[in-house]
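Have a look at coords.csv below; it lists CSV, C-alpha atoms.
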chain,number,residue,atom,x,y,z
A,777,MET,CA,0.0,0.0,0.0
A,778,ALA,CA,2.7,2.4,0.9
A,779,ARG,CA,4.3,1.7,-2.4
A,780,SER,CA,1.3,3.0,-4.4
A,781,LYS,CA,1.3,6.2,-2.5
A,782,ASN,CA,5.0,6.8,-3.3
A,783,SER,CA,4.5,6.3,-7.0
A,784,GLY,CA,2.8,9.8,-7.3
A,785,SER,CA,5.3,12.6,-7.8
A,786,GLN,CA,6.0,14.2,-4.4
A,787,GLU,CA,8.5,16.9,-5.7
A,788,VAL,CA,7.5,20.5,-5.6
A,789,ASN,CA,7.8,22.0,-9.0
A,790,ALA,CA,10.9,24.2,-8.6
A,791,GLY,CA,11.1,25.4,-12.1
A,792,SER,CA,9.6,28.8,-11.5
A,793,MET,CA,11.9,29.4,-8.5
A,794,ALA,CA,14.4,31.2,-10.7
A,795,ASP,CA,11.7,33.5,-12.0
A,796,ILE,CA,10.5,34.4,-8.5
A,797,ALA,CA,14.1,35.1,-7.4
A,798,PHE,CA,14.7,37.2,-10.5
A,799,LEU,CA,11.6,39.3,-9.7
A,800,LEU,CA,12.9,39.9,-6.2
A,801,LEU,CA,16.4,40.6,-7.5
A,802,ILE,CA,15.2,43.2,-9.9
A,803,PHE,CA,13.1,44.9,-7.2
A,804,PHE,CA,16.2,45.2,-4.9
A,805,LEU,CA,18.4,46.2,-7.8
A,806,VAL,CA,16.1,49.1,-8.6
A,807,THR,CA,15.6,50.3,-5.0
A,808,THR,CA,19.1,49.9,-3.8
A,809,GLN,CA,21.2,53.0,-3.3
A,810,ILE,CA,24.5,51.8,-1.9
A,811,ALA,CA,25.2,54.3,0.8
A,812,THR,CA,28.0,56.6,0.0
A,813,ASN,CA,30.0,57.8,2.9
A,814,LYS,CA,32.6,59.5,0.9
A,815,GLY,CA,33.4,63.2,0.6
A,816,LEU,CA,35.8,66.0,1.4
A,817,THR,CA,36.3,66.3,5.1
A,818,LEU,CA,37.1,69.5,6.9
A,819,LEU,CA,37.7,70.3,10.5
A,820,LEU,CA,36.2,73.6,11.5
A,821,PRO,CA,38.1,75.9,13.9
A,822,PRO,CA,36.8,75.9,17.5
A,823,LYS,CA,34.1,78.3,18.5
A,824,GLN,CA,35.1,81.8,19.1
A,825,GLU,CA,34.7,82.8,22.7
A,826,ASP,CA,34.1,86.4,22.0
A,827,ASP,CA,32.5,88.1,19.1
A,828,GLU,CA,35.7,90.0,18.5
A,829,PRO,CA,37.8,88.2,15.9
A,830,ILE,CA,41.2,87.4,17.2
A,831,GLU,CA,43.8,89.3,15.2
A,832,VAL,CA,46.7,86.9,14.6
A,833,LYS,CA,49.7,88.5,13.1
A,834,GLN,CA,50.5,86.4,10.1
A,835,GLN,CA,53.1,87.3,7.6
A,836,GLN,CA,51.4,87.9,4.2
A,837,ARG,CA,53.9,85.6,2.5
A,838,ASN,CA,52.7,82.7,4.7
A,839,ILE,CA,49.1,83.0,3.5
A,840,PHE,CA,48.0,81.7,0.2
A,841,LYS,CA,45.0,83.7,-0.6
A,842,ILE,CA,42.2,82.4,-2.8
A,843,GLN,CA,39.2,84.7,-3.3
A,844,VAL,CA,36.0,83.9,-5.3
A,845,ASN,CA,33.5,86.6,-6.3
A,846,SER,CA,29.8,86.2,-6.9
A,847,LEU,CA,30.4,85.5,-10.6
A,848,ASP,CA,32.6,82.6,-9.7
A,849,ARG,CA,35.7,84.4,-10.9
A,850,LEU,CA,38.9,83.6,-9.0
A,851,LEU,CA,41.5,85.9,-7.5
A,852,VAL,CA,44.5,83.8,-6.5
A,853,GLU,CA,47.4,85.7,-4.7
A,854,ASP,CA,45.8,88.9,-6.0
A,855,GLU,CA,46.0,87.7,-9.6
A,856,PRO,CA,43.0,86.7,-11.7
A,857,LEU,CA,43.0,83.0,-12.6
A,858,ASP,CA,40.6,81.3,-15.0
A,859,ASP,CA,41.7,77.7,-14.7
A,860,VAL,CA,40.8,76.1,-11.3
A,861,SER,CA,42.9,73.1,-12.0
A,862,LYS,CA,46.1,75.2,-11.8
A,863,ILE,CA,45.5,75.9,-8.1
A,864,GLY,CA,46.7,72.4,-7.1
A,865,ASP,CA,50.2,72.9,-8.4
A,866,MET,CA,50.5,76.4,-7.0
A,867,VAL,CA,49.4,75.3,-3.6
A,868,TYR,CA,51.8,72.3,-3.7
A,869,ASP,CA,54.7,74.7,-4.4
A,870,PHE,CA,53.5,77.1,-1.7
A,871,ILE,CA,53.3,74.4,1.1
A,872,ILE,CA,56.8,73.0,0.6
A,873,ASN,CA,58.5,76.3,-0.3
A,874,PHE,CA,60.7,76.4,2.8
A,875,GLY,CA,61.7,80.0,2.2
A,876,ASN,CA,63.0,80.5,5.7
A,877,PRO,CA,62.6,77.3,7.7
A,878,GLY,CA,62.8,78.0,11.4
A,879,ASP,CA,63.8,76.0,14.5
A,880,VAL,CA,60.6,76.8,16.4
A,881,LYS,CA,58.8,73.6,17.3
A,882,ARG,CA,55.1,73.8,16.5
A,883,GLY,CA,52.0,71.7,16.8
A,884,SER,CA,51.3,68.7,19.0
A,885,GLU,CA,54.2,66.7,17.6
A,886,LYS,CA,56.7,69.5,18.3
A,887,VAL,CA,58.4,69.3,14.9
A,888,SER,CA,60.2,72.3,13.5
A,889,ASP,CA,60.3,73.2,9.9
A,890,ARG,CA,63.9,72.4,9.6
A,891,GLU,CA,63.3,68.9,10.9
A,892,THR,CA,60.4,68.5,8.5
A,893,PHE,CA,62.7,69.5,5.6
A,894,GLU,CA,65.4,66.9,6.7
A,895,SER,CA,62.8,64.2,6.7
A,896,LEU,CA,61.8,64.7,3.1
A,897,PRO,CA,63.0,62.3,0.4
A,898,PRO,CA,66.0,63.5,-1.7
A,899,THR,CA,63.9,64.1,-4.8
A,900,MET,CA,61.7,66.6,-3.0
A,901,LYS,CA,64.7,68.2,-1.3
A,902,ASN,CA,66.4,68.8,-4.7
A,903,TYR,CA,63.2,70.1,-6.2
A,904,ILE,CA,62.8,72.6,-3.3
A,905,ARG,CA,66.5,73.7,-3.5
A,906,ASN,CA,66.4,74.2,-7.2
A,907,SER,CA,63.0,75.6,-7.9
A,908,LEU,CA,61.5,76.8,-4.7
A,909,SER,CA,62.9,78.3,-1.5
A,910,SER,CA,61.6,81.7,-2.6
A,911,LYS,CA,61.8,84.5,0.0
A,912,GLU,CA,58.5,85.8,-1.4
A,913,SER,CA,56.5,82.6,-0.5
A,914,SER,CA,55.9,80.7,2.7
A,915,ASP,CA,58.6,80.2,5.4
A,916,GLY,CA,57.8,76.6,5.9
A,917,PRO,CA,54.9,74.2,6.1
A,918,GLY,CA,54.4,74.8,9.8
A,919,THR,CA,53.3,78.3,9.3
A,920,ALA,CA,51.8,78.1,5.8
A,921,ILE,CA,48.1,78.7,5.6
A,922,VAL,CA,45.8,78.4,2.6
A,923,SER,CA,42.9,80.9,3.0
A,924,LEU,CA,39.8,80.4,0.9
A,925,LYS,CA,37.4,83.2,0.9
A,926,ALA,CA,34.2,82.8,-1.1
A,927,ASP,CA,31.6,85.5,-1.7
A,928,ARG,CA,28.2,84.7,-0.3
A,929,GLY,CA,26.9,84.7,-3.9
A,930,SER,CA,29.5,82.3,-5.3
A,931,SER,CA,28.3,78.8,-6.1
A,932,TYR,CA,28.9,75.7,-4.1
A,933,GLU,CA,30.2,73.9,-7.2
A,934,ILE,CA,33.3,76.1,-7.5
A,935,PHE,CA,33.9,75.9,-3.8
A,936,ILE,CA,34.0,72.1,-4.0
A,937,ASP,CA,36.3,72.3,-7.1
A,938,ILE,CA,38.8,74.5,-5.2
A,939,LEU,CA,38.6,72.4,-2.0
A,940,ASP,CA,39.2,69.4,-4.1
A,941,GLN,CA,42.3,71.0,-5.6
A,942,LEU,CA,43.6,72.0,-2.1
A,943,ASN,CA,43.1,68.5,-0.8
A,944,ALA,CA,44.9,67.2,-3.9
A,945,ALA,CA,47.9,69.4,-3.2
A,946,TYR,CA,48.2,68.3,0.4
A,947,ASN,CA,47.7,64.6,-0.4
A,948,ARG,CA,50.4,64.9,-3.0
A,949,VAL,CA,52.8,66.4,-0.5
A,950,TYR,CA,52.0,63.7,2.1
A,951,GLY,CA,52.2,61.0,-0.4
A,952,GLU,CA,55.5,62.0,-1.9
A,953,ARG,CA,57.0,62.4,1.5
A,954,VAL,CA,56.5,58.7,2.2
A,955,GLY,CA,57.0,57.5,-1.3
A,956,LEU,CA,53.3,57.0,-2.4
A,957,THR,CA,51.2,58.7,-5.0
A,958,ALA,CA,48.4,61.0,-3.8
A,959,GLU,CA,45.9,58.4,-4.5
A,960,GLU,CA,47.7,55.7,-2.5
A,961,PHE,CA,48.0,58.0,0.4
A,962,ARG,CA,44.3,58.8,0.3
A,963,LYS,CA,43.4,55.2,0.4
A,964,LEU,CA,45.5,54.3,3.4
A,965,ASN,CA,43.5,52.4,5.9
A,966,ARG,CA,43.9,54.1,9.3
A,967,ASN,CA,42.7,51.1,11.2
A,968,ASP,CA,45.8,49.2,10.0
A,969,PRO,CA,48.8,50.0,12.3
A,970,ARG,CA,51.3,50.0,9.4
A,971,ASP,CA,49.2,52.3,7.3
A,972,LEU,CA,48.6,54.5,10.3
A,973,ASP,CA,52.3,54.8,10.9
A,974,LEU,CA,52.8,55.9,7.3
A,975,TYR,CA,49.9,58.3,7.6
A,976,ASP,CA,51.3,59.9,10.8
A,977,ARG,CA,54.8,60.1,9.4
A,978,ALA,CA,53.5,61.8,6.3
A,979,ARG,CA,51.6,64.4,8.2
A,980,SER,CA,53.9,65.2,11.1
A,981,GLY,CA,55.1,68.8,10.8
A,982,ILE,CA,52.9,69.6,7.8
A,983,PRO,CA,49.4,70.5,9.2
A,984,LYS,CA,46.6,70.7,6.7
A,985,ALA,CA,45.9,74.4,7.2
A,986,ILE,CA,42.9,75.2,5.1
A,987,SER,CA,41.0,78.2,6.3
A,988,ILE,CA,37.5,79.0,5.1
A,989,ALA,CA,37.4,82.7,5.8
A,990,GLU,CA,34.2,84.5,6.7
A,991,PRO,CA,32.9,85.8,3.4
A,992,THR,CA,32.0,89.4,2.5
A,993,LYS,CA,28.8,90.6,1.1
A,994,VAL,CA,30.3,93.3,-0.9
A,995,GLY,CA,31.7,93.0,-4.4
A,996,GLY,CA,30.2,91.2,-7.3
B,919,MET,CA,26.0,11.2,-42.6
B,920,SER,CA,26.6,8.9,-39.7
B,921,LYS,CA,29.1,11.4,-38.4
B,922,PHE,CA,26.5,14.2,-38.2
B,923,LYS,CA,24.0,11.9,-36.5
B,924,LYS,CA,26.5,11.1,-33.8
B,925,LYS,CA,27.1,14.7,-33.0
B,926,SER,CA,23.4,15.6,-32.7
B,927,ASN,CA,23.0,12.8,-30.2
B,928,ALA,CA,24.9,14.7,-27.6
B,929,SER,CA,22.8,16.7,-25.2
B,930,GLN,CA,22.9,20.4,-26.1
B,931,ASP,CA,21.2,21.6,-22.9
B,932,ILE,CA,23.1,23.8,-20.5
B,933,PRO,CA,22.3,22.6,-17.1
B,934,THR,CA,20.3,25.3,-15.4
B,935,ALA,CA,19.7,23.6,-12.1
B,936,ALA,CA,22.2,25.9,-10.3
B,937,LEU,CA,20.6,29.1,-11.8
B,938,PRO,CA,18.2,29.7,-8.9
B,939,ASP,CA,21.1,29.4,-6.4
B,940,ILE,CA,23.1,32.0,-8.3
B,941,ILE,CA,20.1,34.3,-8.5
B,942,PHE,CA,19.4,33.8,-4.8
B,943,MET,CA,23.0,34.7,-4.0
B,944,LEU,CA,22.7,38.0,-5.9
B,945,LEU,CA,19.4,38.6,-4.3
B,946,PHE,CA,20.8,38.2,-0.8
B,947,PHE,CA,23.7,40.5,-1.6
B,948,PHE,CA,21.3,43.3,-2.6
B,949,MET,CA,18.9,42.6,0.2
B,950,VAL,CA,21.8,43.0,2.7
B,951,THR,CA,23.3,46.1,1.1
B,952,THR,CA,20.0,47.9,0.6
B,953,VAL,CA,19.3,50.7,3.0
B,954,LEU,CA,15.7,51.6,2.8
B,955,ARG,CA,15.4,55.3,3.0
B,956,GLU,CA,13.7,56.5,6.1
B,957,THR,CA,13.6,60.1,5.1
B,958,GLU,CA,12.2,61.6,1.9
B,959,ILE,CA,14.5,64.2,0.5
B,960,LYS,CA,12.6,67.3,-0.3
B,961,VAL,CA,15.3,69.4,-1.9
B,962,LYS,CA,17.1,69.1,-5.2
B,963,GLN,CA,20.2,67.0,-5.0
B,964,ASP,CA,22.6,67.4,-7.9
B,965,ILE,CA,25.8,67.1,-6.0
B,966,PRO,CA,29.1,68.3,-7.6
B,967,ARG,CA,31.7,65.6,-8.1
B,968,ALA,CA,35.3,65.7,-6.7
B,969,GLU,CA,38.4,63.5,-6.8
B,970,GLN,CA,40.1,63.6,-3.5
B,971,LEU,CA,37.5,61.7,-1.5
B,972,VAL,CA,38.0,60.3,1.9
B,973,LYS,CA,35.9,57.4,3.2
B,974,LEU,CA,34.4,57.8,6.7
B,975,GLU,CA,35.0,54.8,9.0
B,976,LYS,CA,32.4,55.2,11.6
B,977,LYS,CA,29.0,55.3,10.0
B,978,LYS,CA,27.2,55.6,13.3
B,979,LEU,CA,28.6,59.0,14.0
B,980,VAL,CA,27.5,60.5,10.7
B,981,THR,CA,24.3,62.6,10.4
B,982,TYR,CA,23.1,64.2,7.2
B,983,LEU,CA,22.0,67.7,6.3
B,984,TYR,CA,20.5,68.3,2.9
B,985,VAL,CA,20.7,71.7,1.3
B,986,GLY,CA,19.2,72.8,-1.9
B,987,GLU,CA,16.3,74.4,-3.7
B,988,PRO,CA,13.0,72.8,-2.6
B,989,LYS,CA,11.4,70.4,-5.0
B,990,GLU,CA,7.9,71.6,-4.3
B,991,GLU,CA,7.2,75.1,-5.6
B,992,GLN,CA,5.1,76.1,-2.6
B,993,PHE,CA,8.3,76.5,-0.6
B,994,GLY,CA,9.7,79.0,-3.0
B,995,THR,CA,13.0,79.0,-4.9
B,996,GLU,CA,15.5,79.9,-2.1
B,997,SER,CA,17.8,77.2,-0.9
B,998,LEU,CA,16.5,75.4,2.3
B,999,ILE,CA,18.1,73.1,4.8
B,1000,GLN,CA,16.5,69.8,5.5
B,1001,ALA,CA,17.4,67.8,8.6
B,1002,ASN,CA,15.8,64.4,9.0
B,1003,ASP,CA,12.5,64.9,7.3
B,1004,ALA,CA,11.7,68.5,8.0
B,1005,PHE,CA,13.0,71.9,6.9
B,1006,ILE,CA,14.9,73.8,9.6
B,1007,GLY,CA,16.0,77.3,9.7
B,1008,ILE,CA,19.6,78.5,10.4
B,1009,ASP,CA,18.8,79.2,14.0
B,1010,GLY,CA,17.5,75.6,14.5
B,1011,ILE,CA,20.7,74.0,13.7
B,1012,VAL,CA,22.3,74.1,17.1
B,1013,GLN,CA,19.2,72.5,18.7
B,1014,TRP,CA,19.1,69.9,16.0
B,1015,VAL,CA,22.8,69.0,16.5
B,1016,ASN,CA,22.2,68.7,20.2
B,1017,GLN,CA,19.3,66.3,19.6
B,1018,GLU,CA,21.5,64.2,17.3
B,1019,LYS,CA,24.2,64.2,19.9
B,1020,ASP,CA,21.8,62.9,22.5
B,1021,GLY,CA,21.3,59.8,20.5
B,1022,LEU,CA,24.9,58.9,20.6
B,1023,PRO,CA,26.9,57.2,23.4
B,1024,GLU,CA,28.3,59.9,25.7
B,1025,ALA,CA,32.0,59.2,24.9
B,1026,GLU,CA,31.5,59.7,21.2
B,1027,ARG,CA,29.4,62.8,21.2
B,1028,ASP,CA,32.2,65.2,20.3
B,1029,GLN,CA,33.1,63.1,17.4
B,1030,ILE,CA,29.8,63.6,15.6
B,1031,THR,CA,30.4,64.2,11.9
B,1032,ILE,CA,27.9,66.3,9.9
B,1033,SER,CA,27.7,65.2,6.3
B,1034,LEU,CA,26.5,68.1,4.1
B,1035,LYS,CA,24.7,67.0,0.9
B,1036,VAL,CA,24.5,70.2,-1.1
B,1037,ASP,CA,23.0,70.9,-4.5
B,1038,LYS,CA,25.5,72.5,-6.8
B,1039,GLU,CA,23.3,75.5,-7.5
B,1040,THR,CA,23.4,76.5,-3.9
B,1041,LYS,CA,25.1,79.8,-3.0
B,1042,MET,CA,28.0,79.8,-0.5
B,1043,GLY,CA,26.2,82.2,1.8
B,1044,ILE,CA,24.0,79.6,3.3
B,1045,ILE,CA,26.9,77.1,3.6
B,1046,VAL,CA,29.0,79.5,5.5
B,1047,ASP,CA,26.0,80.2,7.8
B,1048,ILE,CA,25.6,76.5,8.5
B,1049,GLN,CA,29.3,76.2,9.2
B,1050,THR,CA,29.1,79.1,11.7
B,1051,GLU,CA,26.2,77.4,13.5
B,1052,LEU,CA,28.0,74.0,13.6
B,1053,ARG,CA,30.9,75.7,15.2
B,1054,ASN,CA,28.6,77.2,17.8
B,1055,ALA,CA,27.1,73.7,18.4
B,1056,ASN,CA,30.6,72.3,18.7
B,1057,ALA,CA,30.2,69.9,15.9
B,1058,ARG,CA,33.4,70.7,14.2
B,1059,LYS,CA,33.9,67.6,12.0
B,1060,ILE,CA,32.1,68.2,8.7
B,1061,MET,CA,32.2,66.4,5.4
B,1062,TYR,CA,31.0,67.7,2.0
B,1063,ALA,CA,29.5,64.5,0.6
B,1064,THR,CA,30.4,64.2,-3.1
B,1065,PRO,CA,30.4,61.3,-5.6
B,1066,GLN,CA,33.7,60.3,-7.1
B,1067,LYS,CA,34.6,62.1,-10.3
B,1068,THR,CA,34.9,59.8,-13.2
B,1069,ASP,CA,37.0,60.2,-16.3
B,1070,GLU,CA,33.9,60.9,-18.5
B,1071,ASP,CA,33.3,64.1,-16.6
B,1072,ASN,CA,36.6,65.6,-17.7
Is it possible to give me this structure as structure tokens?
Amino acid sequence: MARSKNSGSQEVNAGSMADIAFLLLIFFLVTTQIATNKGLTLLLPPKQEDDEPIEVKQQQRNIFKIQVNSLDRLLVEDEPLDDVSKIGDMVYDFIINFGNPGDVKRGSEKVSDRETFESLPPTMKNYIRNSLSSKESSDGPGTAIVSLKADRGSSYEIFIDILDQLNAAYNRVYGERVGLTAEEFRKLNRNDPRDLDLYDRARSGIPKAISIAEPTKVGG
Amino acid sequence: MSKFKKKSNASQDIPTAALPDIIFMLLFFFMVTTVLRETEIKVKQDIPRAEQLVKLEKKKLVTYLYVGEPKEEQFGTESLIQANDAFIGIDGIVQWVNQEKDGLPEAERDQITISLKVDKETKMGIIVDIQTELRNANARKIMYATPQKTDEDN
């Protein structure tokens, strides 16, 4: 008796399983937005205690000035500039100019500009000795500041373009210092101790000093 | 002729028994990676692209602010700030940041990262105002969220 029961097919027809799975797959394919947690990071300066802006005496040559007006036209170091992509190279030269490296120890790591210079690879040292070391430009990376001042009416798009260029310049400096390209430096995984060591070595003595200045309403 | 016959005797079907398994695997991948949006974005979001992107490690600490022109005409054409699912004014930012901080473990509150998703048509004025408010709220880590620039854009 049991035999006769078994003779009927007891398998579930699984032929349409693939179709059902396809349907679900397409649904998730369409609705998925893989979360992007990527972007340009920036650390804002701490809150001002008073309303009075603190006047810090900074030598003009240690500030790389970028200004944008409401028509998205650029003024870089008081000269008009049309091509945003040139800023990267200019800032690169500005940061590692070493016009007058001092022995004053700065920052949390207490590294002076002269020590920073000594830690650079020979190719960078030669480049600095031959092409840079201008008295007109920054004294050293410890004091060099890049100031970005955008008019209230300028667009966010150009701001991001410039910020991207500034980050590119710093990443290039950091990367070359430890023998990496800018891209490799950017992709260092800071949770890995070996990568973290490279990262710290690249950044010591060269702070990423990007200042977003309070904009003006005038001009345009 | 016999040669041809022999060839045609061989089975020409591709075995498809493993197909459902493959499809299921893909399905599970997408099911796991999908984040169903809990907030509806009410502002235009055409975000400019950039190259030098950094990836954030701790997702828990990231909160989002959306800035752009409202999609619905009734709100006008001026850029607005959207936090969670409502529009907030400039003066509401400090309060909003404090609310977000309350949801985090106490030790990590100062490390909160604000991710700004800003439409490219937005003017810098509102961005700077937001930055000033974030400084007042002591949320100093910010990120301008941008997609990666691809070669075709150049």
Original post:
Which residue out of B:Ile1011, B:Leu983, B:Val961, B:Val1036 has the minimum interatomic distance to chain A when only C-alpha atoms are used?
Top reply: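 The answer is B:Val1036, which sits nearest to chain A.
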**OP:** Provide as a PyMOL selection string the residues of chain B at most 9 Å from chain A, counting only C-alpha atoms.
**Re:** chain B and resi 935+937-939+941-942+944-946+948-949+951-955+965-975+977+980+1033+1036-1046+1049-1050+1052-1066
Subject >> Surrounding residues of stretch 866-881 of chain A excluding itself and chain neighbours under 2 positions, 8 Å, all atoms listed in the file, as a ChimeraX atom specification >> reply: /A:840,862-864,883,886-891,893,904,908-917,920,922,942,945-946,948-949
Subject >> atom CA of B:Gly986 to atom CA of B:Ile999, distance in Å rounded to a single decimal >> reply: 6.8 Å
**OP:** Please indicate the distance in Å from atom CA of B:Lys976 to atom CA of A:Phe961, rounded to one decimal place.
**Re:** 19.4 Å
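Shown here are all protein and nucleic acid residues lying within 6 Å of (26.1, 65.4, 5.5), with all atoms listed in the file considered: Thr981, Tyr982, Leu983, Ile1032, Ser1033, Leu1034 and Lys1035 of chain B.
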Original post:
Could you state the separation of atom CA of A:Arg977 and atom CA of A:Val954 in Å, given to one decimal place?
Top reply: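 Computing it gives 7.5 Å between the two atoms.
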